[in-house]
>>> print(open('final-v9.cif').read())   # mmCIF, C-alpha atoms; chains and numbers go by the auth columns
data_input
#
loop_
_atom_site.group_PDB
_atom_site.id
_atom_site.type_symbol
_atom_site.label_atom_id
_atom_site.label_comp_id
_atom_site.label_asym_id
_atom_site.label_seq_id
_atom_site.Cartn_x
_atom_site.Cartn_y
_atom_site.Cartn_z
_atom_site.B_iso_or_equiv
_atom_site.auth_seq_id
_atom_site.auth_asym_id
ATOM 1 C CA MET A 1 -10.618 11.629 -15.117 0.00 125 U
ATOM 2 C CA LEU A 2 -9.197 8.225 -16.066 0.00 126 U
ATOM 3 C CA THR A 3 -7.048 7.014 -13.189 0.00 127 U
ATOM 4 C CA THR A 4 -4.601 4.124 -12.977 0.00 128 U
ATOM 5 C CA ILE A 5 -3.572 2.348 -9.774 0.00 129 U
ATOM 6 C CA ILE A 6 -1.030 -0.474 -9.646 0.00 130 U
ATOM 7 C CA TYR A 7 -0.227 -2.493 -6.542 0.00 131 U
ATOM 8 C CA ARG A 8 1.391 -5.763 -5.526 0.00 132 U
ATOM 9 C CA SER A 9 0.636 -7.977 -2.547 0.00 133 U
ATOM 10 C CA HIS A 10 1.243 -11.445 -1.073 0.00 134 U
ATOM 11 C CA ILE A 11 -1.474 -14.092 -0.900 0.00 135 U
ATOM 12 C CA CYS A 12 -2.060 -15.401 2.627 0.00 136 U
ATOM 13 C CA ASP A 13 -0.742 -18.887 3.287 0.00 137 U
ATOM 14 C CA ASP A 14 -4.165 -20.183 4.344 0.00 138 U
ATOM 15 C CA VAL A 15 -5.882 -19.002 1.145 0.00 139 U
ATOM 16 C CA PRO A 16 -6.050 -21.797 -1.469 0.00 140 U
ATOM 17 C CA VAL A 17 -5.107 -20.839 -5.013 0.00 141 U
ATOM 18 C CA THR A 18 -8.324 -22.484 -6.158 0.00 142 U
ATOM 19 C CA VAL A 19 -10.316 -19.463 -4.950 0.00 143 U
ATOM 20 C CA LEU A 20 -8.633 -17.201 -7.530 0.00 144 U
ATOM 21 C CA GLU A 21 -11.260 -17.826 -10.192 0.00 145 U
ATOM 22 C CA GLU A 22 -14.033 -17.019 -7.726 0.00 146 U
ATOM 23 C CA MET A 23 -12.221 -13.847 -6.632 0.00 147 U
ATOM 24 C CA VAL A 24 -11.732 -12.683 -10.213 0.00 148 U
ATOM 25 C CA ASN A 25 -15.362 -13.375 -11.176 0.00 149 U
ATOM 26 C CA ALA A 26 -16.601 -11.333 -8.216 0.00 150 U
ATOM 27 C CA ALA A 27 -14.160 -8.516 -9.012 0.00 151 U
ATOM 28 C CA ASN A 28 -15.111 -8.618 -12.679 0.00 152 U
ATOM 29 C CA ASN A 29 -18.787 -8.049 -11.849 0.00 153 U
ATOM 30 C CA LYS A 30 -18.128 -5.353 -9.255 0.00 154 U
ATOM 31 C CA ASN A 31 -15.600 -3.513 -11.406 0.00 155 U
ATOM 32 C CA GLY A 32 -17.818 -3.714 -14.479 0.00 156 U
ATOM 33 C CA GLN A 33 -20.624 -1.957 -12.633 0.00 157 U
ATOM 34 C CA ALA A 34 -18.181 0.801 -11.635 0.00 158 U
ATOM 35 C CA ASP A 35 -16.707 1.164 -15.157 0.00 159 U
ATOM 36 C CA VAL A 36 -13.358 -0.047 -13.830 0.00 160 U
ATOM 37 C CA THR A 37 -11.208 -2.388 -15.896 0.00 161 U
ATOM 38 C CA GLY A 38 -7.850 -4.025 -15.360 0.00 162 U
ATOM 39 C CA ILE A 39 -5.646 -7.060 -15.233 0.00 163 U
ATOM 40 C CA LEU A 40 -4.469 -9.231 -12.347 0.00 164 U
ATOM 41 C CA LEU A 41 -1.145 -11.065 -12.552 0.00 165 U
ATOM 42 C CA PHE A 42 -0.357 -13.957 -10.218 0.00 166 U
ATOM 43 C CA ASN A 43 2.947 -15.805 -9.910 0.00 167 U
ATOM 44 C CA GLY A 44 1.990 -18.383 -7.301 0.00 168 U
ATOM 45 C CA ARG A 45 2.638 -16.153 -4.281 0.00 169 U
ATOM 46 C CA HIS A 46 2.192 -12.530 -5.287 0.00 170 U
ATOM 47 C CA PHE A 47 -0.578 -10.513 -6.869 0.00 171 U
ATOM 48 C CA PHE A 48 0.163 -7.637 -9.215 0.00 172 U
ATOM 49 C CA GLN A 49 -2.912 -5.696 -10.268 0.00 173 U
ATOM 50 C CA LEU A 50 -3.641 -2.723 -12.494 0.00 174 U
ATOM 51 C CA LEU A 51 -6.963 -0.893 -12.115 0.00 175 U
ATOM 52 C CA GLU A 52 -8.224 1.760 -14.541 0.00 176 U
ATOM 53 C CA GLY A 53 -11.356 3.886 -14.587 0.00 177 U
ATOM 54 C CA PRO A 54 -12.983 7.013 -13.116 0.00 178 U
ATOM 55 C CA GLU A 55 -10.875 8.294 -10.232 0.00 179 U
ATOM 56 C CA GLU A 56 -13.526 8.037 -7.510 0.00 180 U
ATOM 57 C CA ASN A 57 -14.535 4.505 -8.540 0.00 181 U
ATOM 58 C CA VAL A 58 -10.968 3.227 -8.821 0.00 182 U
ATOM 59 C CA LYS A 59 -10.038 4.576 -5.404 0.00 183 U
ATOM 60 C CA SER A 60 -13.195 3.139 -3.833 0.00 184 U
ATOM 61 C CA ILE A 61 -12.451 -0.325 -5.222 0.00 185 U
ATOM 62 C CA TYR A 62 -8.789 -0.041 -4.244 0.00 186 U
ATOM 63 C CA SER A 63 -9.817 0.867 -0.683 0.00 187 U
ATOM 64 C CA ALA A 64 -11.882 -2.345 -0.499 0.00 188 U
ATOM 65 C CA ILE A 65 -8.924 -4.326 -1.878 0.00 189 U
ATOM 66 C CA CYS A 66 -6.675 -2.905 0.839 0.00 190 U
ATOM 67 C CA ALA A 67 -9.112 -4.183 3.480 0.00 191 U
ATOM 68 C CA ASP A 68 -9.242 -7.710 2.002 0.00 192 U
ATOM 69 C CA THR A 69 -7.737 -10.169 4.518 0.00 193 U
ATOM 70 C CA ARG A 70 -6.835 -12.737 1.859 0.00 194 U
ATOM 71 C CA HIS A 71 -3.589 -10.917 1.099 0.00 195 U
ATOM 72 C CA TYR A 72 -1.017 -8.825 2.944 0.00 196 U
ATOM 73 C CA ASN A 73 2.111 -6.728 2.313 0.00 197 U
ATOM 74 C CA LEU A 74 0.107 -4.618 -0.100 0.00 198 U
ATOM 75 C CA VAL A 75 2.295 -1.940 -1.703 0.00 199 U
ATOM 76 C CA GLU A 76 0.921 0.784 -3.964 0.00 200 U
ATOM 77 C CA LEU A 77 3.352 1.172 -6.869 0.00 201 U
ATOM 78 C CA LEU A 78 1.602 3.720 -9.049 0.00 202 U
ATOM 79 C CA CYS A 79 -1.325 6.116 -8.879 0.00 203 U
ATOM 80 C CA ASP A 80 -1.569 8.313 -11.958 0.00 204 U
ATOM 81 C CA TYR A 81 -3.809 9.639 -14.715 0.00 205 U
ATOM 82 C CA ALA A 82 -3.848 8.167 -18.225 0.00 206 U
ATOM 83 C CA PRO A 83 -5.073 9.249 -21.686 0.00 207 U
ATOM 84 C CA SER A 84 -6.685 5.843 -22.349 0.00 208 U
ATOM 85 C CA ARG A 85 -7.150 2.396 -20.836 0.00 209 U
ATOM 86 C CA ARG A 86 -4.295 -0.035 -21.222 0.00 210 U
ATOM 87 C CA PHE A 87 -6.400 -3.103 -20.420 0.00 211 U
ATOM 88 C CA GLY A 88 -10.065 -2.540 -21.169 0.00 212 U
ATOM 89 C CA LYS A 89 -11.418 -5.968 -22.086 0.00 213 U
ATOM 90 C CA SER A 90 -13.071 -6.747 -18.771 0.00 214 U
ATOM 91 C CA GLY A 91 -13.575 -5.555 -15.221 0.00 215 U
ATOM 92 C CA MET A 92 -10.764 -7.847 -14.137 0.00 216 U
ATOM 93 C CA GLU A 93 -8.823 -10.430 -16.132 0.00 217 U
ATOM 94 C CA LEU A 94 -6.571 -12.988 -14.451 0.00 218 U
ATOM 95 C CA PHE A 95 -3.177 -13.727 -15.968 0.00 219 U
ATOM 96 C CA ASP A 96 -1.388 -16.651 -14.308 0.00 220 U
ATOM 97 C CA LEU A 97 2.325 -16.269 -14.986 0.00 221 U
ATOM 98 C CA ARG A 98 2.944 -19.929 -14.187 0.00 222 U
ATOM 99 C CA ASP A 99 1.298 -20.909 -17.469 0.00 223 U
ATOM 100 C CA TYR A 100 3.894 -19.140 -19.611 0.00 224 U
ATOM 101 C CA GLU A 101 7.604 -19.335 -20.309 0.00 225 U
ATOM 102 C CA ARG A 102 9.525 -16.604 -18.528 0.00 226 U
ATOM 103 C CA ASP A 103 11.128 -15.201 -21.698 0.00 227 U
ATOM 104 C CA GLU A 104 7.707 -14.876 -23.381 0.00 228 U
ATOM 105 C CA VAL A 105 5.423 -13.813 -20.568 0.00 229 U
ATOM 106 C CA LEU A 106 5.839 -10.034 -20.915 0.00 230 U
ATOM 107 C CA GLN A 107 4.882 -10.113 -24.566 0.00 231 U
ATOM 108 C CA HIS A 108 1.790 -12.160 -23.701 0.00 232 U
ATOM 109 C CA VAL A 109 0.823 -9.457 -21.192 0.00 233 U
ATOM 110 C CA LEU A 110 1.360 -6.746 -23.809 0.00 234 U
ATOM 111 C CA ASN A 111 -0.810 -8.668 -26.261 0.00 235 U
ATOM 112 C CA LYS A 112 -3.742 -8.321 -23.845 0.00 236 U
ATOM 113 C CA GLY A 113 -3.523 -4.544 -24.048 0.00 237 U
ATOM 114 C CA THR A 114 -6.452 -2.650 -25.580 0.00 238 U
ATOM 115 C CA SER A 115 -5.100 0.904 -25.702 0.00 239 U
ATOM 116 C CA LYS A 116 -5.439 2.723 -29.001 0.00 240 U
ATOM 117 C CA TYR A 117 -1.826 3.666 -28.349 0.00 241 U
ATOM 118 C CA GLN A 118 0.434 0.650 -28.791 0.00 242 U
ATOM 119 C CA LEU A 119 1.633 -0.695 -25.483 0.00 243 U
ATOM 120 C CA VAL A 120 5.395 -0.449 -25.586 0.00 244 U
ATOM 121 C CA TYR A 121 8.145 -1.331 -23.152 0.00 245 U
ATOM 122 C CA GLY A 122 8.776 2.349 -22.397 0.00 246 U
ATOM 123 C CA ASP A 123 5.303 2.869 -20.951 0.00 247 U
ATOM 124 C CA ARG A 124 5.621 3.769 -17.267 0.00 248 U
ATOM 125 C CA ALA A 125 3.027 1.256 -16.085 0.00 249 U
ATOM 126 C CA LEU A 126 4.472 -1.484 -18.286 0.00 250 U
ATOM 127 C CA GLN A 127 7.879 -0.974 -16.683 0.00 251 U
ATOM 128 C CA PHE A 128 6.328 -2.146 -13.427 0.00 252 U
ATOM 129 C CA PHE A 129 4.873 -5.129 -15.287 0.00 253 U
ATOM 130 C CA GLN A 130 8.292 -5.981 -16.689 0.00 254 U
ATOM 131 C CA THR A 131 9.914 -5.831 -13.270 0.00 255 U
ATOM 132 C CA PHE A 132 7.257 -8.125 -11.828 0.00 256 U
ATOM 133 C CA VAL A 133 6.987 -10.745 -14.554 0.00 257 U
ATOM 134 C CA GLU A 134 10.749 -11.020 -14.966 0.00 258 U
ATOM 135 C CA ALA A 135 11.208 -11.111 -11.181 0.00 259 U
ATOM 136 C CA THR A 136 14.084 -8.641 -11.453 0.00 260 U
ATOM 137 C CA GLU A 137 13.187 -7.035 -8.110 0.00 261 U
ATOM 138 C CA LYS A 138 13.960 -10.143 -6.043 0.00 262 U
ATOM 139 C CA GLU A 139 17.412 -8.998 -4.909 0.00 263 U
ATOM 140 C CA ASN A 140 15.949 -5.838 -3.343 0.00 264 U
ATOM 141 C CA TYR A 141 12.588 -7.194 -2.240 0.00 265 U
ATOM 142 C CA PHE A 142 12.082 -8.006 1.427 0.00 266 U
ATOM 143 C CA GLU A 143 9.093 -10.061 2.480 0.00 267 U
ATOM 144 C CA ILE A 144 7.501 -8.768 5.682 0.00 268 U
ATOM 145 C CA PRO A 145 5.736 -11.505 7.695 0.00 269 U
ATOM 146 C CA PRO A 146 1.953 -11.107 8.163 0.00 270 U
ATOM 147 C CA GLY A 147 0.891 -9.125 11.211 0.00 271 U
ATOM 148 C CA ASP A 148 -0.557 -12.085 13.107 0.00 272 U
ATOM 149 C CA SER A 149 2.823 -13.844 13.075 0.00 273 U
ATOM 150 C CA TRP A 150 4.674 -11.127 14.987 0.00 274 U
ATOM 151 C CA ASP A 151 5.826 -11.637 18.570 0.00 275 U
ATOM 152 C CA PHE A 152 7.061 -8.698 20.626 0.00 276 U
ATOM 153 C CA ILE A 153 9.297 -9.586 23.538 0.00 277 U
ATOM 154 C CA THR A 154 9.784 -7.054 26.317 0.00 278 U
ATOM 155 C CA GLU A 155 13.444 -6.584 27.190 0.00 279 U
ATOM 156 C CA ASP A 156 14.368 -5.222 30.610 0.00 280 U
ATOM 157 C CA ASP A 157 17.091 -2.745 29.633 0.00 281 U
ATOM 158 C CA GLY A 158 16.431 -0.398 32.511 0.00 282 U
ATOM 159 C CA VAL A 159 14.836 2.241 30.268 0.00 283 U
ATOM 160 C CA THR A 160 11.136 2.916 30.665 0.00 284 U
ATOM 161 C CA ALA A 161 9.328 5.090 28.152 0.00 285 U
ATOM 162 C CA PRO A 162 6.560 7.221 29.659 0.00 286 U
ATOM 163 C CA ALA A 163 3.050 6.718 28.328 0.00 287 U
ATOM 164 C CA THR A 164 2.477 10.479 28.279 0.00 288 U
ATOM 165 C CA ALA A 165 4.231 13.711 29.192 0.00 289 U
ATOM 166 C CA ALA A 166 2.694 17.080 29.964 0.00 290 U
ATOM 167 C CA ALA A 167 2.989 19.727 27.246 0.00 291 U
ATOM 168 C CA ASN A 168 0.689 22.301 28.851 0.00 292 U
ATOM 169 C CA SER A 169 -1.762 22.273 31.737 0.00 293 U
ATOM 170 C CA ASP A 170 -4.519 21.063 29.403 0.00 294 U
ATOM 171 C CA SER A 171 -2.529 19.015 26.865 0.00 295 U
ATOM 172 C CA ARG A 172 -0.137 16.081 26.820 0.00 296 U
ATOM 173 C CA PHE A 173 2.157 14.155 24.510 0.00 297 U
ATOM 174 C CA ALA A 174 1.243 10.544 23.805 0.00 298 U
ATOM 175 C CA PHE A 175 4.069 8.250 22.718 0.00 299 U
ATOM 176 C CA GLN A 176 3.635 5.943 19.730 0.00 300 U
ATOM 177 C CA PRO A 177 6.268 3.303 18.917 0.00 301 U
ATOM 178 C CA ILE A 178 7.903 3.348 15.474 0.00 302 U
ATOM 179 C CA ILE A 179 8.662 -0.198 14.327 0.00 303 U
ATOM 180 C CA ASP A 180 11.247 -1.527 11.890 0.00 304 U
ATOM 181 C CA PRO A 181 9.165 -4.299 10.241 0.00 305 U
ATOM 182 C CA LEU A 182 12.201 -6.156 8.917 0.00 306 U
ATOM 183 C CA ALA A 183 14.034 -6.275 12.236 0.00 307 U
ATOM 184 C CA ARG A 184 10.716 -6.523 14.157 0.00 308 U
ATOM 185 C CA GLU A 185 12.024 -3.992 16.657 0.00 309 U
ATOM 186 C CA VAL A 186 10.799 -0.739 18.145 0.00 310 U
ATOM 187 C CA VAL A 187 13.406 1.737 16.921 0.00 311 U
ATOM 188 C CA SER A 188 12.014 5.027 18.232 0.00 312 U
ATOM 189 C CA LEU A 189 9.021 6.756 19.786 0.00 313 U
ATOM 190 C CA GLU A 190 6.891 9.443 18.151 0.00 314 U
ATOM 191 C CA ALA A 191 5.504 12.135 20.458 0.00 315 U
ATOM 192 C CA LEU A 192 1.946 13.074 19.463 0.00 316 U
ATOM 193 C CA LEU A 193 0.267 16.148 20.936 0.00 317 U
ATOM 194 C CA ARG A 194 -3.143 15.425 22.473 0.00 318 U
ATOM 195 C CA THR A 195 -5.664 17.261 24.610 0.00 319 U
ATOM 196 C CA SER A 196 -6.127 16.126 28.205 0.00 320 U
ATOM 197 C CA ASP A 197 -8.990 13.865 27.082 0.00 321 U
ATOM 198 C CA GLY A 198 -7.061 12.420 24.107 0.00 322 U
ATOM 199 C CA ALA A 199 -8.349 14.577 21.240 0.00 323 U
ATOM 200 C CA SER A 200 -6.213 15.696 18.283 0.00 324 U
ATOM 201 C CA PRO A 201 -3.825 18.683 18.067 0.00 325 U
ATOM 202 C CA GLN A 202 -6.350 20.418 15.801 0.00 326 U
ATOM 203 C CA THR A 203 -8.940 20.235 18.574 0.00 327 U
ATOM 204 C CA PHE A 204 -6.447 21.603 21.101 0.00 328 U
ATOM 205 C CA PHE A 205 -5.334 24.584 19.001 0.00 329 U
ATOM 206 C CA GLU A 206 -8.857 25.409 17.792 0.00 330 U
ATOM 207 C CA GLY A 207 -9.723 26.299 21.380 0.00 331 U
ATOM 208 C CA LEU A 208 -7.014 28.981 21.502 0.00 332 U
ATOM 209 C CA GLU A 209 -6.434 32.302 19.795 0.00 333 U
ATOM 210 C CA GLY A 210 -4.101 35.250 19.775 0.00 334 U
ATOM 211 C CA GLU A 211 -1.250 35.252 22.276 0.00 335 U
ATOM 212 C CA ALA A 212 -2.555 32.119 24.009 0.00 336 U
ATOM 213 C CA LEU A 213 -2.257 30.187 20.735 0.00 337 U
ATOM 214 C CA TYR A 214 1.264 31.526 20.166 0.00 338 U
ATOM 215 C CA LYS A 215 2.437 30.606 23.670 0.00 339 U
ATOM 216 C CA ALA A 216 0.851 27.132 23.537 0.00 340 U
ATOM 217 C CA ASP A 217 2.579 26.437 20.231 0.00 341 U
ATOM 218 C CA LEU A 218 5.972 27.508 21.612 0.00 342 U
ATOM 219 C CA LYS A 219 5.434 25.541 24.829 0.00 343 U
ATOM 220 C CA SER A 220 4.566 22.353 22.948 0.00 344 U
ATOM 221 C CA LYS A 221 7.626 22.695 20.709 0.00 345 U
ATOM 222 C CA LYS A 222 9.877 23.350 23.719 0.00 346 U
ATOM 223 C CA THR A 223 8.548 20.256 25.474 0.00 347 U
ATOM 224 C CA ALA A 224 9.003 18.173 22.303 0.00 348 U
ATOM 225 C CA PHE A 225 12.669 19.209 22.056 0.00 349 U
ATOM 226 C CA GLU A 226 13.204 18.431 25.741 0.00 350 U
ATOM 227 C CA ILE A 227 11.747 14.968 25.243 0.00 351 U
ATOM 228 C CA ALA A 228 13.941 14.375 22.199 0.00 352 U
ATOM 229 C CA GLY A 229 17.005 15.438 24.114 0.00 353 U
#
>>> encode(input="final-v9.cif", output="structure tokens")
Amino acid sequence: MLTTIIYRSHICDDVPVTVLEEMVNAANNKNGQADVTGILLFNGRHFFQLLEGPEENVKSIYSAICADTRHYNLVELLCDYAPSRRFGKSGMELFDLRDYERDEVLQHVLNKGTSKYQLVYGDRALQFFQTFVEATEKENYFEIPPGDSWDFITEDDGVTAPATAAANSDSRFAFQPIIDPLAREVVSLEALLRTSDGASPQTFFEGLEGEALYKADLKSKKTAFEIAG
């Protein structure tokens, strides 16, 4: 089934813009072999890409894109099915927004469309394009610094969070910090049920049945509420 994925991301500061052509050529070849087509918009700092093709192939390519260290703050905006390709000229076509006037750029993007259905402003995917090219999301868009720029400072507030807490004789809760990326602060702790050797909850409960399973489930919930309190 024809699948569409749209995402946006931020180019890393140490990646020169001159590598864009090389990146697009490589993507064009790889995508062409996978019957995936699309368009890549670039505004000098951010990428905005639409990928279209067979579902398995699109998701495989998108997974590789997510692992690419040349960009960060990758946000998936749309994952949906479509009746036809919107941009089917090549495996990946680069569109540099800096080469166009702001009041004309969206129409230039629309002109690159290849769908047998006319690309119109009401199209769901094109609404994302409009928001990006007209930069209308700036007031509500927060840029999260790359992961390697974060510094966590330990504050001695007299409160010490345990690394683990017993849920049953053969299971424990492990505590995982939940971080507010904008404030760069740990705002809470998530209690995750684990076996005594660190395996998943599924592994723990698969080893139980009947009344033992029922009691273990109640015991773990009781302990979780006690921790939260």
>>> closest_residue(input="final-v9.cif", among="U:Trp274, U:Phe252, U:Tyr186, U:Phe211", to="Thr238 of chain U", atoms="all atoms listed in the file")
U:Phe211
>>> closest_residue(input="final-v9.cif", among="U:Val141, U:Leu175, U:Ile135, U:Met216", to="Thr193 of chain U", atoms="all atoms listed in the file")
U:Ile135
>>> axis_aligned_box(input="final-v9.cif", around="segment 227-239 of chain U", padding_each_side="8 Å", output="JSON")
{"center_x": 2.3, "center_y": -7.1, "center_z": -23.4, "size_x": 33.6, "size_y": 32.1, "size_z": 21.7}
>>> atom_distance(input="final-v9.cif", atom1="atom CA of Gly168 of chain U", atom2="atom CA of Val148 of chain U")
15.1 Å
>>> residues_near_point(input="final-v9.cif", point="(-5.5, -6.7, 1.4)", cutoff="10 Å", atoms="all atoms listed in the file", output="list of chain:residue names")
U:Arg132, U:Ser133, U:His134, U:Ile135, U:Cys136, U:Tyr186, U:Ser187, U:Ala188, U:Ile189, U:Cys190, U:Ala191, U:Asp192, U:Thr193, U:Arg194, U:His195, U:Tyr196, U:Asn197, U:Leu198, U:Val199
